[in-house]
Amino acid sequence: MKAWVLSSWTRWPALKRAAILLPPLAFAGSLSAASMAGDISAARQGELLYVLEQDCGSCHGLTLKGGLGPALLPDLLKDRNAEELAETILDGVPGTPMPPWRPLMKPHEAVWLAKILKKGDMVK
Amino acid sequence: MKMWAHLAVFMVVISPVQADSLRGTGDMGIVVERATGSLLVVENTTRTELARIEGLGDLSHASLVYSRDARFAFIFGRDGGLTKVDLLTAKIVGRTMQSGNSIGGAISQDGTLVAVSNYEPGGVKIFNSQTLELVADIPTGSKTVGLVDVPGNRFVFSLYDTGEIWVADMSNPKAPKITKFEDIGLLPYDALVTGDGRYYIAGLFGEDGMALLDMWNLDKGVRRILDNYGRGEEKLPVYKMPHLEGWAIADGKAFVPAVGRHEVLVVDTSTWQEVGRIKAHGQPVFVMAQPDGRQVWVNFAYPLNDTIQVIDTQNLKIIKTMTPGKGVLHMEFTPRGEDVWMSVRDKDVIKVFDTATFEQKSELPAKKPSGIFFTWRAGRIGL
């Protein structure tokens, strides 16, 4: 059990920093070769990152460290390939709260998000 | 000179509430700014913000309860932090990292204990509300949800993974007495208790229906209500879990969000039978009754979260649909319900509406606002 002296406890949530300070293109730049990000417009990438933080975040935590849904940190996903994770994102996990995102995103967009999860770009 | 004028305005806005100029807290509240880990202290009479408190860690999905004197708030953060803040000085007065990952909490009937329910590693921890010292640790082996207080210094909560409801009697804080109810249904995701503390109702994600426990007749066990409300039809995807905390009882009826269908279910609170269902704009998240019970306000899950609907509780009709903006995450009524405050996340504002005319009265800036909690909660069972 640890108590903080609170004035010193000022953590800048990393996700917000990532989402706001790095323009979407910065992600595209780092990932485009491998992830077909070229097919996704910068505006759409921004939207997808926002969905990842805010809406996936409502179940997996804003920093993706877990909530009702499991943590989605690179360590935990390293043995899974992006296509397989994208399948889960697109189809959901029936019988659990993980919803199918197919109505809201294209398959290559899900692969792009899966690669971001695997790289941990959104997590600090 | 001009410069000074600016400075003075600036200081009025951001300086903490003056503790030495006497005031009550009854028209104050807190807005959670979820992405920046900060809180806004607000005043609902003037519809203004009084101060911002920073340094609370990950506040996604954060909720809070008030001390019974309504001066302090206990904030349950997603990162497992339990933080106590003083509304009058706008300062953090205590903080403990109590688990890896928490989901909500409750304060005991006598105000001495604060309980936190945890996802990771699961279970409930109970703290002294003065000192935040750990008083009791109740491992459950499951994600723990729907934690509320009920009379008798008891806490009630549900086990997501194993489908149970537990009642923890804390009348002797050193030796909690636990009563367990098993097989209540698949994947309870949240729960609520009626304002009199009598009925505890857990919503189920894994099947259509809810589990009801009558606290006055625990020996009767858990009863299923709203069984098969989906009638076996295929469910629509749920992009945000509904919340049951904002319990809506009005005119002898309870209004609850259906899961996986775009409906608000209406239940008679004397028989617990379904008496109606109201087609709504999307998957309801919060279904909240005004203090007078005359109208029920509903917000919706992504991607339809720009809309609010208002239900007339006498004729069960939707009488108003409005679009305050993308990301309406939460609503809170002023103590007697003349205004409703709404956090509109994607616009970084809180909007205040007149509940009688639906006119917007005011708008306050806030950084990605989510939950809004006014101090009238301090004296209510289950909040």
# chains A, B, ... in the order shown; residues from 1 in each chain; ligands from 1
>>> residues_around(residues="Leu90 in chain A", least_positions_apart="4", cutoff="8 Å", atoms="only C-alpha atoms", output="ChimeraX atom specification")
/A:86,100-102,105,107,110
>>> interface_residues(of="chain B", to="chain A", cutoff="6 Å", atoms="only C-alpha atoms", output="ChimeraX atom specification")
/B:55,60,95-96,237-238
>>> closest_atom_pairs(of="range 126-221 of chain B", to="range 66-80 of chain B", cutoff="12 Å", atoms="only C-alpha atoms", output="CSV")
residue,atom,partner,partner_atom,distance
B:Phe127,CA,B:Phe74,CA,10.8
B:Asn128,CA,B:Phe74,CA,11.4
B:Ser129,CA,B:Ser67,CA,7.9
B:Gln130,CA,B:Ser67,CA,9.4
B:Thr131,CA,B:Phe74,CA,11.7
B:Leu132,CA,B:Phe74,CA,9.8
B:Leu147,CA,B:Phe76,CA,11.9
>>> write_last_selection(atoms="N, CA, C and O atoms", output="mmCIF file, in the first residue's frame")
data_model
loop_
_atom_site.group_PDB
_atom_site.id
_atom_site.type_symbol
_atom_site.label_atom_id
_atom_site.label_comp_id
_atom_site.auth_asym_id
_atom_site.auth_seq_id
_atom_site.Cartn_x
_atom_site.Cartn_y
_atom_site.Cartn_z
ATOM 1 N N PHE B 127 -11.667 0.526 2.716
ATOM 2 C CA PHE B 127 -10.742 1.470 3.335
ATOM 3 C C PHE B 127 -11.450 2.339 4.364
ATOM 4 O O PHE B 127 -12.656 2.584 4.254
ATOM 5 N N ASN B 128 -10.657 2.798 5.320
ATOM 6 C CA ASN B 128 -11.124 3.786 6.280
ATOM 7 C C ASN B 128 -11.312 5.113 5.533
ATOM 8 O O ASN B 128 -10.380 5.594 4.894
ATOM 9 N N SER B 129 -12.485 5.711 5.618
ATOM 10 C CA SER B 129 -12.752 6.898 4.792
ATOM 11 C C SER B 129 -11.986 8.125 5.289
ATOM 12 O O SER B 129 -11.810 9.081 4.552
ATOM 13 N N GLN B 130 -11.548 8.112 6.539
ATOM 14 C CA GLN B 130 -10.740 9.215 7.053
ATOM 15 C C GLN B 130 -9.311 9.134 6.537
ATOM 16 O O GLN B 130 -8.764 10.102 6.029
ATOM 17 N N THR B 131 -8.713 7.953 6.699
ATOM 18 C CA THR B 131 -7.264 7.818 6.506
ATOM 19 C C THR B 131 -6.891 7.097 5.215
ATOM 20 O O THR B 131 -5.720 7.082 4.848
ATOM 21 N N LEU B 132 -7.858 6.458 4.579
ATOM 22 C CA LEU B 132 -7.617 5.586 3.422
ATOM 23 C C LEU B 132 -6.754 4.379 3.777
ATOM 24 O O LEU B 132 -6.128 3.769 2.901
ATOM 25 N N LEU B 147 -20.853 -2.582 -7.453
ATOM 26 C CA LEU B 147 -20.713 -2.458 -6.000
ATOM 27 C C LEU B 147 -21.565 -1.300 -5.480
ATOM 28 O O LEU B 147 -21.437 -0.172 -5.956
#
>>> residues_around(residues="range 42-50 of chain B", least_positions_apart="3", cutoff="6 Å", atoms="only C-alpha atoms", output="list in words")
Asp27, Met28, Gly29 and Ile30 of chain B
>>> atom_distance(atom1="CA of Gly230 in chain B", atom2="CA of Ile308 in chain B")
23.2 Å
>>> residues_around(residues="Val148 in chain B", least_positions_apart="2", cutoff="10 Å", atoms="only C-alpha atoms", output="PyMOL selection string")
chain B and resi 104-108+115-117+145-146+150+154-158+167+191-193+197+200+245+381-383
>>> residues_around(residues="Ala168 in chain B", least_positions_apart="3", cutoff="12 Å", atoms="only C-alpha atoms", output="PyMOL selection string")
chain B and resi 108+115+123-126+136-140+147-158+165+171-181
>>> residues_around(residues="Leu186 in chain B", least_positions_apart="3", cutoff="8 Å", atoms="only C-alpha atoms", output="PyMOL selection string")
chain B and resi 160-163+183+204-207
>>> write_last_selection(atoms="N, CA, C and O atoms", output="compact mmCIF listing (two decimals), in the first residue's frame")
# COMPACT_ATOMS: atom_id res chain seq x y z
N TYR B 160 -18.41 -10.84 -12.19
CA TYR B 160 -18.60 -10.92 -13.63
C TYR B 160 -18.29 -12.31 -14.18
O TYR B 160 -19.07 -12.88 -14.95
N ASP B 161 -17.14 -12.85 -13.82
CA ASP B 161 -16.70 -14.10 -14.45
C ASP B 161 -17.47 -15.31 -13.96
O ASP B 161 -17.67 -16.26 -14.70
N THR B 162 -17.90 -15.29 -12.70
CA THR B 162 -18.50 -16.50 -12.14
C THR B 162 -20.01 -16.38 -11.92
O THR B 162 -20.65 -17.35 -11.51
N GLY B 163 -20.59 -15.21 -12.19
CA GLY B 163 -22.04 -15.09 -12.09
C GLY B 163 -22.56 -15.24 -10.67
O GLY B 163 -23.41 -16.11 -10.39
N ASP B 183 -24.93 -18.82 -9.26
CA ASP B 183 -25.79 -19.07 -10.43
C ASP B 183 -26.83 -17.99 -10.66
O ASP B 183 -28.00 -18.28 -10.90
N LEU B 204 -27.41 -8.56 -16.84
CA LEU B 204 -26.62 -9.68 -17.35
C LEU B 204 -26.24 -9.41 -18.79
O LEU B 204 -27.08 -9.00 -19.59
N PHE B 205 -24.99 -9.66 -19.11
CA PHE B 205 -24.60 -9.51 -20.51
C PHE B 205 -24.76 -10.82 -21.27
O PHE B 205 -25.09 -10.84 -22.44
N GLY B 206 -24.55 -11.93 -20.59
CA GLY B 206 -24.51 -13.23 -21.25
C GLY B 206 -25.87 -13.80 -21.57
O GLY B 206 -25.96 -14.81 -22.27
N GLU B 207 -26.92 -13.23 -21.05
CA GLU B 207 -28.27 -13.71 -21.37
C GLU B 207 -29.25 -12.57 -21.17
O GLU B 207 -28.94 -11.57 -20.53
>>> closest_residue(among="B:Ala289, B:Ile311, B:Met97, B:Val298", to="Ile249 in chain B", atoms="only C-alpha atoms")
B:Ala289
>>> select_by_dssp(residues="range 41-223 of chain B", states="strand (DSSP E or B)", output="PyMOL selection string")
chain B and resi 41-43+48-53+63-66+72-76+81-86+91-97+101-107+113-120+123-128+134-138+144-150+154-159+164-169+177-181+188-193+199-204+210-214+222-223
>>> residues_around(residues="range 327-332 of chain B", least_positions_apart="6", cutoff="7 Å", atoms="only C-alpha atoms", output="PyMOL selection string")
chain B and resi 299+305-306+340-346+370-373
>>> write_last_selection(atoms="N, CA and C atoms", output="PDB file, in the first residue's frame")
ATOM      1  N   ASN B 299     -28.996   8.390 -22.848  1.00  0.00           N
ATOM      2  CA  ASN B 299     -27.932   8.592 -23.850  1.00  0.00           C
ATOM      3  C   ASN B 299     -27.560   7.235 -24.460  1.00  0.00           C
ATOM      4  N   ASN B 305     -23.691   8.196 -30.258  1.00  0.00           N
ATOM      5  CA  ASN B 305     -23.598   8.877 -28.966  1.00  0.00           C
ATOM      6  C   ASN B 305     -23.660  10.408 -29.061  1.00  0.00           C
ATOM      7  N   ASP B 306     -24.203  10.905 -30.144  1.00  0.00           N
ATOM      8  CA  ASP B 306     -24.391  12.365 -30.227  1.00  0.00           C
ATOM      9  C   ASP B 306     -25.798  12.781 -29.815  1.00  0.00           C
ATOM     10  N   VAL B 340     -30.362  19.998 -16.326  1.00  0.00           N
ATOM     11  CA  VAL B 340     -29.567  18.789 -16.511  1.00  0.00           C
ATOM     12  C   VAL B 340     -28.246  19.196 -17.150  1.00  0.00           C
ATOM     13  N   TRP B 341     -27.161  18.663 -16.618  1.00  0.00           N
ATOM     14  CA  TRP B 341     -25.827  18.908 -17.174  1.00  0.00           C
ATOM     15  C   TRP B 341     -25.426  17.697 -18.004  1.00  0.00           C
ATOM     16  N   MET B 342     -24.791  17.954 -19.132  1.00  0.00           N
ATOM     17  CA  MET B 342     -24.359  16.854 -20.002  1.00  0.00           C
ATOM     18  C   MET B 342     -22.920  17.048 -20.399  1.00  0.00           C
ATOM     19  N   SER B 343     -22.124  16.002 -20.333  1.00  0.00           N
ATOM     20  CA  SER B 343     -20.757  16.136 -20.839  1.00  0.00           C
ATOM     21  C   SER B 343     -20.737  15.708 -22.297  1.00  0.00           C
ATOM     22  N   VAL B 344     -20.212  16.571 -23.135  1.00  0.00           N
ATOM     23  CA  VAL B 344     -20.111  16.297 -24.570  1.00  0.00           C
ATOM     24  C   VAL B 344     -18.615  16.177 -24.871  1.00  0.00           C
ATOM     25  N   ARG B 345     -18.137  14.937 -24.810  1.00  0.00           N
ATOM     26  CA  ARG B 345     -16.702  14.688 -24.837  1.00  0.00           C
ATOM     27  C   ARG B 345     -15.997  15.279 -26.047  1.00  0.00           C
ATOM     28  N   ASP B 346     -16.530  14.992 -27.238  1.00  0.00           N
ATOM     29  CA  ASP B 346     -15.788  15.362 -28.440  1.00  0.00           C
ATOM     30  C   ASP B 346     -15.788  16.858 -28.713  1.00  0.00           C
ATOM     31  N   SER B 370     -16.279  13.390 -18.805  1.00  0.00           N
ATOM     32  CA  SER B 370     -17.121  12.179 -18.769  1.00  0.00           C
ATOM     33  C   SER B 370     -18.112  12.310 -17.619  1.00  0.00           C
ATOM     34  N   GLY B 371     -17.897  11.620 -16.494  1.00  0.00           N
ATOM     35  CA  GLY B 371     -18.905  11.616 -15.439  1.00  0.00           C
ATOM     36  C   GLY B 371     -19.083  12.972 -14.768  1.00  0.00           C
ATOM     37  N   ILE B 372     -20.341  13.289 -14.434  1.00  0.00           N
ATOM     38  CA  ILE B 372     -20.669  14.493 -13.669  1.00  0.00           C
ATOM     39  C   ILE B 372     -21.363  14.031 -12.391  1.00  0.00           C
ATOM     40  N   PHE B 373     -20.892  14.526 -11.261  1.00  0.00           N
ATOM     41  CA  PHE B 373     -21.422  14.049  -9.983  1.00  0.00           C
ATOM     42  C   PHE B 373     -21.667  15.229  -9.054  1.00  0.00           C
TER      43      PHE B 373
END
